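Visitor: What follows is the file structure16.txt, containing compact mmCIF, C-alpha atoms:
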```
# COMPACT_ATOMS: atom_id res chain seq x y z
CA MET A 1 25.15 -95.32 -34.45
CA THR A 2 25.56 -91.67 -33.44
CA SER A 3 26.91 -90.65 -30.05
CA GLN A 4 23.49 -89.33 -29.02
CA THR A 5 21.80 -92.59 -29.98
CA MET A 6 24.42 -94.57 -28.09
CA LEU A 7 23.84 -92.40 -25.04
CA LYS A 8 20.09 -93.06 -25.20
CA VAL A 9 20.75 -96.80 -25.36
CA ARG A 10 23.03 -96.66 -22.33
CA LEU A 11 20.51 -94.62 -20.34
CA SER A 12 17.72 -96.99 -21.39
CA VAL A 13 19.67 -99.95 -19.95
CA LEU A 14 20.23 -97.94 -16.76
CA SER A 15 16.51 -97.29 -16.46
CA PHE A 16 15.72 -100.96 -17.22
CA MET A 17 17.95 -102.23 -14.42
CA GLU A 18 16.83 -99.57 -11.92
CA PHE A 19 13.20 -100.59 -12.06
CA ALA A 20 13.90 -104.31 -12.39
CA VAL A 21 15.26 -104.06 -8.84
CA TRP A 22 11.87 -102.80 -7.70
CA GLY A 23 9.70 -104.99 -9.92
CA ALA A 24 11.18 -108.16 -8.45
CA TYR A 25 9.29 -107.68 -5.20
CA LEU A 26 7.10 -104.57 -5.16
CA THR A 27 3.87 -106.17 -6.42
CA SER A 28 4.47 -109.66 -5.04
CA LEU A 29 5.83 -109.03 -1.54
CA GLY A 30 2.29 -108.78 -0.15
CA ASN A 31 1.56 -112.27 -1.45
CA PHE A 32 4.67 -113.66 0.27
CA LEU A 33 3.73 -111.94 3.53
CA PHE A 34 0.19 -113.35 3.39
CA LYS A 35 1.57 -116.84 2.82
CA ASN A 36 3.81 -116.49 5.88
CA GLY A 37 1.28 -115.19 8.40
CA LEU A 38 2.15 -111.50 8.08
CA GLY A 39 -0.89 -110.44 6.06
CA ASP A 40 -2.02 -107.92 8.68
CA GLN A 41 1.43 -106.25 8.56
CA ILE A 42 1.61 -105.65 4.80
CA GLY A 43 0.97 -101.94 5.18
CA TRP A 44 4.15 -101.47 7.21
CA PHE A 45 6.35 -102.96 4.50
CA TYR A 46 4.97 -100.49 1.98
CA ALA A 47 4.68 -97.58 4.40
CA ILE A 48 8.36 -97.85 5.31
CA GLN A 49 9.18 -96.96 1.72
CA GLY A 50 7.36 -93.72 2.35
CA ILE A 51 8.87 -93.15 5.79
CA VAL A 52 12.46 -93.45 4.56
CA SER A 53 11.53 -91.25 1.60
CA LEU A 54 10.84 -88.43 4.06
CA PHE A 55 14.56 -87.93 4.58
CA MET A 56 16.75 -90.33 2.59
CA PRO A 57 16.18 -88.86 -0.91
CA THR A 58 16.94 -85.38 0.44
CA ILE A 59 20.09 -86.46 2.27
CA VAL A 60 21.36 -88.49 -0.66
CA GLY A 61 20.35 -85.77 -3.12
CA ILE A 62 22.27 -83.16 -1.12
CA ILE A 63 25.35 -85.40 -1.08
CA ALA A 64 25.05 -85.92 -4.83
CA ASP A 65 24.63 -82.17 -5.43
CA ARG A 66 27.53 -81.16 -3.18
CA TRP A 67 30.12 -83.85 -2.57
CA ILE A 68 29.78 -87.18 -4.41
CA GLN A 69 28.99 -87.34 -8.12
CA ALA A 70 25.45 -88.62 -8.70
CA GLN A 71 26.50 -91.67 -10.73
CA LYS A 72 28.86 -92.75 -7.90
CA MET A 73 26.19 -92.12 -5.28
CA LEU A 74 23.79 -94.24 -7.34
CA SER A 75 26.32 -97.09 -7.25
CA ILE A 76 26.75 -96.80 -3.47
CA CYS A 77 23.00 -96.85 -2.89
CA HIS A 78 22.56 -100.03 -4.91
CA LEU A 79 25.48 -101.72 -3.16
CA ILE A 80 23.89 -101.20 0.26
CA ALA A 81 20.32 -101.88 -0.93
CA GLY A 82 21.42 -105.11 -2.61
CA LEU A 83 23.35 -106.36 0.40
CA PHE A 84 20.48 -105.92 2.84
CA MET A 85 17.93 -107.39 0.44
CA LEU A 86 20.28 -110.38 0.14
CA PHE A 87 20.46 -110.60 3.95
CA ALA A 88 16.64 -110.49 4.13
CA GLY A 89 16.41 -113.39 1.68
CA LEU A 90 19.00 -115.41 3.62
CA TYR A 91 17.08 -114.80 6.85
CA CYS A 92 13.81 -116.04 5.32
CA MET A 93 15.58 -119.07 3.85
CA SER A 94 17.11 -120.09 7.19
CA ALA A 95 14.20 -119.21 9.49
CA GLY A 96 11.74 -121.95 10.30
CA GLU A 97 9.04 -119.33 10.78
CA VAL A 98 9.43 -115.85 9.34
CA GLU A 99 9.07 -113.21 12.05
CA PHE A 100 8.11 -109.60 11.46
CA THR A 101 10.90 -107.76 13.30
CA PRO A 102 14.10 -109.22 11.75
CA LEU A 103 12.66 -109.29 8.22
CA PHE A 104 11.28 -105.78 8.57
CA MET A 105 14.57 -104.36 9.85
CA LEU A 106 16.64 -105.82 7.00
CA TYR A 107 14.04 -104.79 4.45
CA THR A 108 13.94 -101.26 5.86
CA VAL A 109 17.67 -100.67 5.40
CA SER A 110 17.46 -101.99 1.84
CA VAL A 111 14.60 -99.71 0.77
CA ALA A 112 16.16 -96.78 2.65
CA PHE A 113 18.97 -96.83 0.10
CA PHE A 114 16.90 -97.92 -2.88
CA MET A 115 14.30 -95.14 -2.73
CA PRO A 116 16.85 -92.30 -3.24
CA SER A 117 18.25 -94.17 -6.24
CA ILE A 118 15.12 -93.36 -8.27
CA GLY A 119 15.73 -89.62 -8.03
CA LEU A 120 19.47 -90.15 -8.61
CA ASN A 121 18.68 -92.17 -11.70
CA ASN A 122 16.65 -89.24 -13.02
CA SER A 123 19.43 -86.80 -12.22
CA VAL A 124 22.05 -88.92 -14.00
CA ALA A 125 19.82 -89.19 -17.08
CA PHE A 126 18.86 -85.50 -17.16
CA ASN A 127 22.50 -84.48 -16.75
CA ALA A 128 23.70 -86.72 -19.57
CA LEU A 129 20.92 -85.63 -21.94
CA THR A 130 21.45 -81.93 -21.23
CA LYS A 131 25.23 -82.15 -21.68
CA ASN A 132 24.67 -83.74 -25.09
CA GLY A 133 22.25 -81.04 -26.24
CA LEU A 134 19.09 -83.16 -26.05
CA ASP A 135 15.64 -81.95 -24.98
CA THR A 136 14.79 -83.83 -21.77
CA VAL A 137 11.02 -83.51 -22.35
CA LYS A 138 11.34 -85.33 -25.68
CA ALA A 139 14.26 -87.65 -24.97
CA PHE A 140 13.59 -88.81 -21.42
CA PRO A 141 10.12 -90.46 -21.70
CA PRO A 142 11.26 -93.15 -24.20
CA ILE A 143 14.27 -93.85 -21.97
CA ARG A 144 12.04 -94.09 -18.91
CA THR A 145 9.85 -96.53 -20.85
CA PHE A 146 12.64 -99.08 -20.57
CA GLY A 147 12.40 -98.72 -16.81
CA THR A 148 8.84 -99.96 -17.04
CA ILE A 149 9.94 -102.78 -19.34
CA GLY A 150 12.52 -103.77 -16.73
CA PHE A 151 9.83 -103.72 -14.05
CA ILE A 152 7.62 -105.98 -16.21
CA CYS A 153 10.42 -108.43 -16.94
CA ALA A 154 11.22 -108.75 -13.24
CA MET A 155 7.53 -109.26 -12.41
CA LEU A 156 7.15 -111.99 -15.01
CA LEU A 157 10.37 -113.62 -13.87
CA VAL A 158 9.15 -114.00 -10.29
CA ASN A 159 5.66 -114.99 -11.50
CA PHE A 160 6.79 -117.95 -13.62
CA ALA A 161 10.14 -118.96 -12.05
CA GLY A 162 10.21 -121.79 -9.55
CA PRO A 163 8.15 -124.98 -9.12
CA ALA A 164 4.41 -124.83 -9.76
CA ASP A 165 3.54 -124.88 -6.06
CA ALA A 166 6.24 -122.38 -5.02
CA ARG A 167 6.62 -119.67 -7.62
CA PHE A 168 9.03 -116.91 -6.70
CA GLN A 169 6.10 -114.49 -6.32
CA THR A 170 5.02 -116.41 -3.22
CA THR A 171 8.48 -117.13 -1.73
CA TYR A 172 11.60 -115.34 -0.47
CA MET A 173 13.32 -116.02 -3.82
CA GLN A 174 11.95 -112.68 -5.07
CA LEU A 175 14.28 -110.97 -2.58
CA PHE A 176 17.32 -112.70 -4.09
CA VAL A 177 16.24 -111.63 -7.58
CA SER A 178 16.01 -108.01 -6.45
CA ALA A 179 19.44 -108.18 -4.80
CA ALA A 180 21.00 -109.56 -8.00
CA PHE A 181 19.63 -106.65 -10.05
CA SER A 182 20.96 -104.19 -7.46
CA PHE A 183 24.47 -105.60 -7.73
CA ILE A 184 24.36 -105.24 -11.52
CA MET A 185 23.24 -101.62 -11.09
CA MET A 186 26.06 -101.02 -8.63
CA ILE A 187 28.59 -101.76 -11.39
CA TYR A 188 26.74 -100.36 -14.39
CA SER A 189 25.97 -96.96 -12.88
CA LEU A 190 29.71 -96.25 -12.64
CA THR A 191 29.91 -96.29 -16.45
CA MET A 192 27.51 -93.33 -16.74
CA PRO A 193 28.66 -89.79 -17.76
CA VAL A 194 30.14 -87.82 -14.88
CA CYS A 195 27.68 -85.59 -13.02
CA PRO A 196 28.97 -82.26 -11.66
CA VAL A 197 28.96 -81.32 -8.00
CA SER A 198 28.47 -77.78 -6.75
CA LYS A 199 30.34 -77.13 -3.52
CA GLY A 200 29.18 -73.52 -3.20
CA SER A 201 31.18 -70.48 -2.22
CA ALA A 202 33.14 -70.21 1.00
CA ASP A 203 30.84 -67.53 2.42
CA SER A 204 27.59 -69.21 1.50
CA SER A 205 24.96 -69.92 4.12
CA LEU A 206 24.43 -73.28 5.81
CA ALA A 207 21.33 -73.82 3.66
CA GLU A 208 23.40 -73.12 0.55
CA ARG A 209 26.18 -75.51 1.57
CA LEU A 210 23.74 -78.30 2.44
CA GLY A 211 21.63 -77.86 -0.68
CA LEU A 212 18.51 -76.98 1.30
CA ARG A 213 17.59 -74.18 -1.10
CA ALA A 214 15.30 -76.69 -2.82
CA PHE A 215 12.85 -76.07 0.04
CA SER A 216 12.62 -72.44 -1.05
CA LEU A 217 10.44 -73.72 -3.90
CA PHE A 218 7.61 -73.70 -1.37
CA LYS A 219 7.79 -69.90 -1.38
CA ASP A 220 6.36 -69.98 -4.87
CA LYS A 221 2.59 -70.41 -4.47
CA LYS A 222 2.07 -72.54 -7.57
CA MET A 223 4.95 -74.88 -6.73
CA ALA A 224 3.75 -75.16 -3.12
CA ILE A 225 0.27 -76.17 -4.32
CA PHE A 226 1.83 -78.59 -6.80
CA PHE A 227 3.88 -80.29 -4.07
CA ILE A 228 0.91 -80.47 -1.70
CA PHE A 229 -1.29 -82.15 -4.29
CA SER A 230 1.62 -84.39 -5.25
CA MET A 231 1.55 -85.58 -1.66
CA MET A 232 -2.22 -86.10 -1.75
CA LEU A 233 -2.01 -88.05 -4.98
CA GLY A 234 0.99 -89.96 -3.62
CA VAL A 235 -1.42 -91.53 -1.14
CA SER A 236 -2.63 -93.74 -3.99
CA LEU A 237 0.77 -94.87 -5.25
CA GLN A 238 1.45 -97.96 -3.13
CA ILE A 239 -2.08 -99.22 -2.46
CA THR A 240 -2.34 -101.55 -5.44
CA ASN A 241 1.32 -102.55 -5.09
CA GLY A 242 0.59 -103.83 -1.61
CA TYR A 243 -2.91 -105.24 -1.98
CA ALA A 244 -3.69 -106.02 -5.64
CA ASN A 245 -1.73 -109.29 -5.66
CA PRO A 246 -3.23 -110.64 -2.38
CA TYR A 247 -6.70 -109.53 -3.54
CA ILE A 248 -6.49 -111.33 -6.89
CA THR A 249 -4.92 -114.42 -5.30
CA PHE A 250 -7.68 -114.43 -2.67
CA PHE A 251 -10.17 -115.52 -5.34
CA LYS A 252 -8.56 -118.99 -5.36
CA GLU A 253 -10.29 -119.56 -2.01
CA MET A 254 -13.67 -119.41 -3.76
CA PRO A 255 -14.66 -122.60 -5.67
CA GLN A 256 -16.03 -120.72 -8.69
CA TYR A 257 -12.67 -118.96 -9.22
CA ALA A 258 -10.26 -121.63 -7.97
CA ASP A 259 -9.12 -122.63 -11.47
CA ALA A 260 -9.09 -119.14 -12.97
CA TRP A 261 -5.74 -118.38 -14.65
CA ALA A 262 -5.66 -114.83 -13.28
CA ALA A 263 -6.16 -116.00 -9.67
CA ARG A 264 -3.10 -118.24 -10.03
CA ASN A 265 -0.96 -115.72 -11.91
CA ALA A 266 -1.70 -112.45 -10.19
CA ASN A 267 1.71 -110.94 -10.95
CA ALA A 268 1.35 -111.69 -14.65
CA LEU A 269 -2.06 -110.02 -14.71
CA ILE A 270 -0.80 -107.00 -12.82
CA SER A 271 2.10 -106.71 -15.26
CA LEU A 272 -0.45 -105.44 -17.80
CA SER A 273 -0.37 -102.25 -15.72
CA GLN A 274 3.29 -101.81 -16.57
CA VAL A 275 2.66 -102.69 -20.22
CA SER A 276 0.18 -99.81 -20.22
CA GLU A 277 2.92 -97.62 -18.74
CA THR A 278 5.22 -98.31 -21.68
CA LEU A 279 2.57 -97.00 -24.04
CA CYS A 280 1.22 -94.12 -21.99
CA ILE A 281 4.63 -92.72 -21.14
CA LEU A 282 5.19 -91.96 -24.83
CA LEU A 283 2.14 -89.68 -24.75
CA ILE A 284 3.62 -87.44 -22.06
CA PRO A 285 5.53 -84.97 -24.29
CA PHE A 286 2.43 -84.36 -26.42
CA CYS A 287 0.06 -84.12 -23.45
CA LEU A 288 2.32 -81.77 -21.49
CA LYS A 289 2.61 -79.40 -24.44
CA ARG A 290 -1.08 -79.67 -25.33
CA PHE A 291 -2.76 -79.69 -21.90
CA GLY A 292 -0.09 -78.41 -19.51
CA ILE A 293 0.80 -79.85 -16.14
CA LYS A 294 -2.71 -79.27 -14.76
CA GLY A 295 -4.40 -81.24 -17.51
CA VAL A 296 -1.92 -84.09 -17.23
CA MET A 297 -2.27 -84.27 -13.45
CA LEU A 298 -6.06 -84.28 -13.71
CA MET A 299 -5.92 -87.18 -16.15
CA SER A 300 -3.79 -89.05 -13.63
CA MET A 301 -6.13 -88.35 -10.72
CA PHE A 302 -9.28 -89.49 -12.48
CA ALA A 303 -7.43 -92.53 -13.83
CA TRP A 304 -6.75 -93.51 -10.21
CA VAL A 305 -10.51 -93.40 -9.60
CA MET A 306 -11.01 -95.93 -12.40
CA ARG A 307 -8.00 -97.99 -11.30
CA PHE A 308 -9.51 -98.63 -7.87
CA GLY A 309 -13.14 -98.75 -9.00
CA PHE A 310 -12.55 -101.39 -11.69
CA PHE A 311 -10.67 -103.57 -9.19
CA GLY A 312 -13.64 -103.40 -6.85
CA CYS A 313 -16.08 -104.46 -9.59
CA GLY A 314 -13.96 -107.16 -11.20
CA ASN A 315 -13.09 -110.80 -10.64
CA PRO A 316 -10.66 -113.26 -12.29
CA SER A 317 -13.38 -114.96 -14.36
CA SER A 318 -16.44 -113.21 -15.81
CA GLY A 319 -15.23 -109.87 -14.49
CA LEU A 320 -11.67 -110.28 -15.75
CA TRP A 321 -12.22 -107.57 -18.36
CA LEU A 322 -12.76 -105.04 -15.55
CA MET A 323 -9.47 -105.99 -13.96
CA VAL A 324 -7.78 -105.68 -17.34
CA LEU A 325 -9.30 -102.20 -17.73
CA SER A 326 -7.95 -101.32 -14.30
CA CYS A 327 -4.49 -102.33 -15.48
CA ILE A 328 -4.85 -100.32 -18.69
CA VAL A 329 -5.74 -97.05 -16.97
CA TYR A 330 -2.84 -97.53 -14.55
CA GLY A 331 -0.46 -96.29 -17.24
CA ILE A 332 -2.14 -92.90 -17.17
CA ALA A 333 -2.62 -92.94 -13.39
CA PHE A 334 1.05 -93.56 -12.63
CA ASP A 335 3.04 -92.10 -15.54
CA PHE A 336 1.08 -88.91 -16.03
CA PHE A 337 1.78 -88.09 -12.39
CA ASN A 338 5.16 -89.58 -11.57
CA VAL A 339 7.10 -88.99 -14.79
CA SER A 340 5.46 -85.69 -15.70
CA GLY A 341 5.94 -84.47 -12.15
CA GLY A 342 9.64 -85.29 -12.29
CA LEU A 343 10.01 -83.46 -15.62
CA TYR A 344 8.05 -80.48 -14.28
CA VAL A 345 10.28 -80.21 -11.22
CA ASP A 346 13.39 -80.53 -13.39
CA GLN A 347 12.25 -77.67 -15.62
CA LYS A 348 11.29 -75.40 -12.72
CA THR A 349 14.52 -75.65 -10.75
CA ASP A 350 18.04 -74.36 -11.19
CA PRO A 351 20.63 -76.97 -12.32
CA SER A 352 22.45 -76.67 -8.98
CA LEU A 353 19.27 -77.76 -7.17
CA ARG A 354 18.00 -80.54 -9.38
CA SER A 355 19.10 -83.56 -7.36
CA SER A 356 17.77 -81.90 -4.19
CA ALA A 357 14.51 -80.89 -5.90
CA GLN A 358 13.98 -84.42 -7.20
CA GLY A 359 14.54 -85.60 -3.63
CA LEU A 360 11.95 -83.11 -2.41
CA PHE A 361 9.45 -84.40 -4.98
CA MET A 362 10.12 -87.92 -3.68
CA ILE A 363 9.52 -86.74 -0.10
CA MET A 364 6.10 -85.39 -0.94
CA THR A 365 4.98 -88.34 -3.08
CA ASN A 366 6.74 -91.50 -1.91
CA GLY A 367 7.36 -89.97 1.51
CA PHE A 368 4.38 -88.28 3.14
CA GLY A 369 1.86 -89.39 0.53
CA ALA A 370 2.73 -93.07 0.29
CA THR A 371 3.22 -93.42 4.05
CA ILE A 372 -0.20 -91.98 4.84
CA GLY A 373 -1.79 -93.95 2.02
CA THR A 374 -0.42 -97.37 2.88
CA LEU A 375 -1.08 -97.08 6.60
CA CYS A 376 -4.65 -95.93 5.95
CA ALA A 377 -5.10 -98.71 3.38
CA MET A 378 -3.81 -101.27 5.90
CA TYR A 379 -6.35 -100.07 8.46
CA ILE A 380 -9.19 -100.12 5.92
CA VAL A 381 -8.37 -103.59 4.56
CA ASN A 382 -7.73 -105.08 8.01
CA HIS A 383 -11.05 -103.62 9.18
CA ASN A 384 -13.06 -104.77 6.18
CA VAL A 385 -11.39 -108.12 5.44
CA VAL A 386 -11.36 -110.42 8.45
CA ALA A 387 -9.69 -113.79 7.86
CA THR A 388 -12.17 -115.68 10.06
CA ASP A 389 -15.17 -114.47 8.04
CA PRO A 390 -16.68 -116.58 5.24
CA VAL A 391 -14.96 -115.93 1.90
CA GLU A 392 -18.10 -114.25 0.52
CA VAL A 393 -18.00 -111.73 3.37
CA GLN A 394 -14.29 -111.19 2.87
CA LEU A 395 -14.91 -110.48 -0.81
CA GLU A 396 -17.42 -107.78 0.07
CA GLY A 397 -14.87 -106.30 2.44
CA TRP A 398 -12.25 -106.24 -0.31
CA ARG A 399 -14.65 -104.52 -2.69
CA ALA A 400 -15.72 -101.95 -0.12
CA SER A 401 -12.04 -101.12 0.42
CA TRP A 402 -11.42 -100.52 -3.30
CA TYR A 403 -14.47 -98.24 -3.49
CA ILE A 404 -13.19 -96.18 -0.55
CA PHE A 405 -9.85 -95.73 -2.33
CA ALA A 406 -11.66 -94.68 -5.51
CA ALA A 407 -13.77 -92.12 -3.66
CA TYR A 408 -10.64 -90.56 -2.15
CA ALA A 409 -8.97 -90.20 -5.55
CA LEU A 410 -12.13 -88.56 -6.90
CA VAL A 411 -12.16 -85.95 -4.12
CA VAL A 412 -8.47 -85.12 -4.70
CA GLY A 413 -9.08 -84.73 -8.42
CA VAL A 414 -11.96 -82.33 -7.96
CA LEU A 415 -10.03 -80.24 -5.43
CA PHE A 416 -7.00 -80.03 -7.74
CA TRP A 417 -9.22 -78.96 -10.62
CA VAL A 418 -10.54 -76.07 -8.53
CA VAL A 419 -7.37 -74.98 -6.70
CA PHE A 420 -4.39 -75.38 -9.03
CA LYS A 421 -3.82 -72.67 -11.64
CA ASP A 422 -1.54 -73.46 -14.57
CA ASP A 423 -0.21 -69.95 -15.21
CA ASP A 424 2.56 -71.05 -17.58
CA LYS A 425 0.22 -70.33 -20.46
CA ASN A 426 0.24 -66.71 -19.34
CA ASN A 427 4.04 -66.57 -19.16
CA ALA A 428 4.10 -66.28 -15.39
CA PRO A 429 7.58 -66.42 -13.81
CA SER A 430 8.75 -69.94 -13.08
CA ALA A 431 9.77 -71.21 -9.67
CA LYS A 432 13.35 -71.32 -11.00
CA GLU A 433 13.24 -67.56 -11.51
CA VAL A 434 11.63 -67.04 -8.11
CA VAL A 435 14.43 -68.99 -6.41
CA SER A 436 17.00 -66.88 -8.27
CA GLU A 437 15.31 -63.65 -7.14
CA GLU A 438 15.04 -64.88 -3.55
CA SER A 439 18.78 -65.47 -3.46
CA THR A 440 19.19 -61.72 -2.85
CA ASP A 441 16.45 -61.32 -0.23
CA GLY A 442 18.84 -61.22 2.72
CA GLY A 443 18.68 -64.93 3.44
CA GLY A 444 22.37 -65.41 2.82
CA MET A 445 21.92 -67.26 -0.48
CA THR A 446 24.23 -66.49 -3.35
CA ASP A 447 22.76 -65.29 -6.62
CA VAL A 448 22.22 -67.90 -9.32
CA LYS A 449 22.43 -66.96 -12.97
CA ILE A 450 19.61 -68.40 -15.04
```
Rewrite the coordinates I just gave you, this time as structure tokens.

Guide:
Amino acid sequence: MTSQTMLKVRLSVLSFMEFAVWGAYLTSLGNFLFKNGLGDQIGWFYAIQGIVSLFMPTIVGIIADRWIQAQKMLSICHLIAGLFMLFAGLYCMSAGEVEFTPLFMLYTVSVAFFMPSIGLNNSVAFNALTKNGLDTVKAFPPIRTFGTIGFICAMLLVNFAGPADARFQTTYMQLFVSAAFSFIMMIYSLTMPVCPVSKGSADSSLAERLGLRAFSLFKDKKMAIFFIFSMMLGVSLQITNGYANPYITFFKEMPQYADAWAARNANALISLSQVSETLCILLIPFCLKRFGIKGVMLMSMFAWVMRFGFFGCGNPSSGLWLMVLSCIVYGIAFDFFNVSGGLYVDQKTDPSLRSSAQGLFMIMTNGFGATIGTLCAMYIVNHNVVATDPVEVQLEGWRASWYIFAAYALVVGVLFWVVFKDDDKNNAPSAKEVVSEESTDGGGMTDVKI
């Protein structure tokens, strides 16, 4: 086995464990909350991931760029995230009745340190690949595929583990599973290749020393538009994570669907979405080269329309095929946006800014976008689905909610089609070059050689 192949294997394991941490609870937490009387608060548990992403990825990214090597910072993040997820599980286990405030506070600290780890994971992988002379556009997608496989394995674990009437997907045990994966990541990340830090010159500006130059990317019109639409598309990211599992499980309340396999194994059904990811992610290098970032983003946006629309039309029995289709298109909806966006940002920024730029991308997508999206989705679902209504009325409310989400994604897609111009085909200067040129504009930034 060559050194480059061995490196890819090591990075694939890193990606696997990173997303297993998330997969243990992300799609099933809503089900647990519904079972414990917190169904009307689901949006807050997913919105907080966005709220902490407004500042934590940037802060942690700056630290990783300037003071603490990224692989060490990744280990620290997983240590803290794992501890507080463990504390959340212990609270639920000991509490007679789970209350919103203590669970939410413990959960918040955990995700505050987990969310930056996604960008750090990318930075560690990109650094290692680049140092070994590998093309990140070609080499990274297969590695990232193992992240999706890890997510799937964690989902299936919590779906099938536990007694028949108390699977982990409906209990606090999913929190313990996530904590265990975090502790493994805490140790394993320290074995990764060393990432450089850039302390900057003694006479550099405050922005230079803190790594805030990543925000200068907004001075480039195309990058500014890209980040804005990333935020708008980020609105869609957490909606199915929060509400797909409760929606599918809801069908058990209706006699005609009570014995449907899908209604009893919502996490397993949803895992088809991640299976689709593992296939679609391999198409990214070809699609980026063939269609450019605009074409790939448009595919993602219209896939979100189908993702939501098929959920609204489907059911766990005769309409199961529609739900399966929804899971299939999810691979394009998520990967073509999230992974391609990360690669695009990596290519358009200077090496000294990459951790900060990845943090900025997280702010716009999992920060502003996901926060707005989950809070709006919570309002829409709570308004349309009232627990005291007959189940038939509740079902219509669920479906109306999915159609609203689909209509939003359609509007964003059309606007992006009209507004965003992919000038790379015309050899326009990249944002990386713009940042380099702006370093001599009197703002106190030192010049960066490209």

Visitor: Residues within 6 Å of A:Gly234, please, as number ranges by chain. Count only C-alpha atoms; anything in the same chain fewer than 4 positions from it doesn't count.

Guide: A: 230, 365, 369-370

Visitor: Would you list the contacts of A:Gly373 as JSON, numbers by chain, taking every protein, DNA or RNA residue within 7 Å and counting all atoms listed in the file, but skipping same-chain residues closer than 5 positions in sequence?

Guide: {"A": [235, 236, 239]}

Visitor: As number ranges by chain, please: the residues near stretch 165-169 of chain A (cut-off 12 Å, all atoms listed in the file, same-chain neighbours under 4 positions excluded).

Guide: A: 23-35, 89, 154-161, 173-178, 245-246, 249, 264-268

Visitor: Using only C-alpha atoms, can you tell me which of A:Phe336, A:Phe55, A:Phe140, A:Trp261 comes closest to A:Leu11?

Guide: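 Result for the nearest residue to A:Leu11: A:Phe140.
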
Visitor: So the first atom is atom CA of A:His78 and the second is atom CA of A:Leu282; what is the distance between them in Å, to one decimal place?

Guide: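 Computing it gives 27.6 Å between the two atoms.
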
Visitor: Which of these, A:Ile152, A:Ala263, A:Met73, A:Val137, has the shortest distance to A:Gly342 once you count all atoms listed in the file?

Guide: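 Among the listed residues, the smallest separation from A:Gly342 belongs to A:Val137.
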
Visitor: Tell me which of A:Leu298, A:Ala244, A:Leu269, A:Met232 sits closest to A:Tyr408, counting all atoms listed in the file.

Guide: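 That would be A:Met232, the residue with the smallest distance to A:Tyr408.
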
Visitor: So, counting all atoms listed in the file, which residue among A:Gly295, A:Glu18, A:Gly242, A:Phe126 is closest to A:Leu375?

Guide: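 Residue with the minimum atom-to-atom distance to A:Leu375: A:Gly242.
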
Visitor: How far is it from atom CA of A:Ser216 to atom CA of A:Ile62, in Å with one decimal?

Guide: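 Result for atom CA of A:Ser216 versus atom CA of A:Ile62: 14.4 Å, one decimal.
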
Visitor: What gap, in Å, lies between atom CA of A:Pro285 and atom CA of A:Leu134?

Guide: 13.8 Å

Visitor: Residues near stretch 114-124 of chain A, anyone? I mean within 6 Å using only C-alpha atoms, not counting same-chain ones fewer than 2 positions away, as a list in words.

Guide: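 Answer for this query is Pro57, Leu74, Ala81, Val111, Ala112, Phe126, Asn127, Ser355 and Gln358 of chain A.
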
Visitor: Dig up all the protein and nucleic acid residues within 8 Å of (13.7, -99.6, -12.3) in the file frame, using only C-alpha atoms, and format them as an mmCIF file with C-alpha atoms, keeping the file's coordinate frame.

Guide:
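Contents of the output file out_37.cif:
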```cif
data_model
loop_
_atom_site.group_PDB
_atom_site.id
_atom_site.type_symbol
_atom_site.label_atom_id
_atom_site.label_comp_id
_atom_site.auth_asym_id
_atom_site.auth_seq_id
_atom_site.Cartn_x
_atom_site.Cartn_y
_atom_site.Cartn_z
ATOM 1 C CA SER A 15 16.510 -97.290 -16.460
ATOM 2 C CA PHE A 16 15.720 -100.960 -17.220
ATOM 3 C CA MET A 17 17.950 -102.230 -14.420
ATOM 4 C CA GLU A 18 16.830 -99.570 -11.920
ATOM 5 C CA PHE A 19 13.200 -100.590 -12.060
ATOM 6 C CA ALA A 20 13.900 -104.310 -12.390
ATOM 7 C CA VAL A 21 15.260 -104.060 -8.840
ATOM 8 C CA TRP A 22 11.870 -102.800 -7.700
ATOM 9 C CA GLY A 23 9.700 -104.990 -9.920
ATOM 10 C CA ILE A 118 15.120 -93.360 -8.270
ATOM 11 C CA GLY A 147 12.400 -98.720 -16.810
ATOM 12 C CA THR A 148 8.840 -99.960 -17.040
ATOM 13 C CA GLY A 150 12.520 -103.770 -16.730
ATOM 14 C CA PHE A 151 9.830 -103.720 -14.050
#
```

Visitor: Find the residues near stretch 308-318 of chain A: any atom within 8 Å, counting all atoms listed in the file, skip ones fewer than 4 places away on the same chain, and give them as a list in words.

Guide: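 Near neighbours after the sequence-gap exclusion: Ile248, Phe251, Tyr257, Ala260, Trp261, Ala262, Ala263, Trp304, Leu322, Met323, Leu325, Ser326, Trp398, Arg399, Ala400, Ser401, Trp402, Tyr403, Phe405 and Ala406 of chain A.
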
Visitor: Put a box with edges along x, y and z around all the listed atoms of stretch 369-381 of chain A, pad it by 6 Å on each side, then give me its centre and sizes in Å, one decimal, as AutoDock Vina command-line options.

Guide:
```
--center_x -3.0 --center_y -96.5 --center_z 4.4 --size_x 24.4 --size_y 26.2 --size_z 20.2
```

Visitor: Nearest residue to A:Gly82 out of A:Ser182, A:Gln347, A:Thr108, A:Gln41, using only C-alpha atoms?

Guide: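 The shortest atom-to-atom distance to A:Gly82 comes from A:Ser182.
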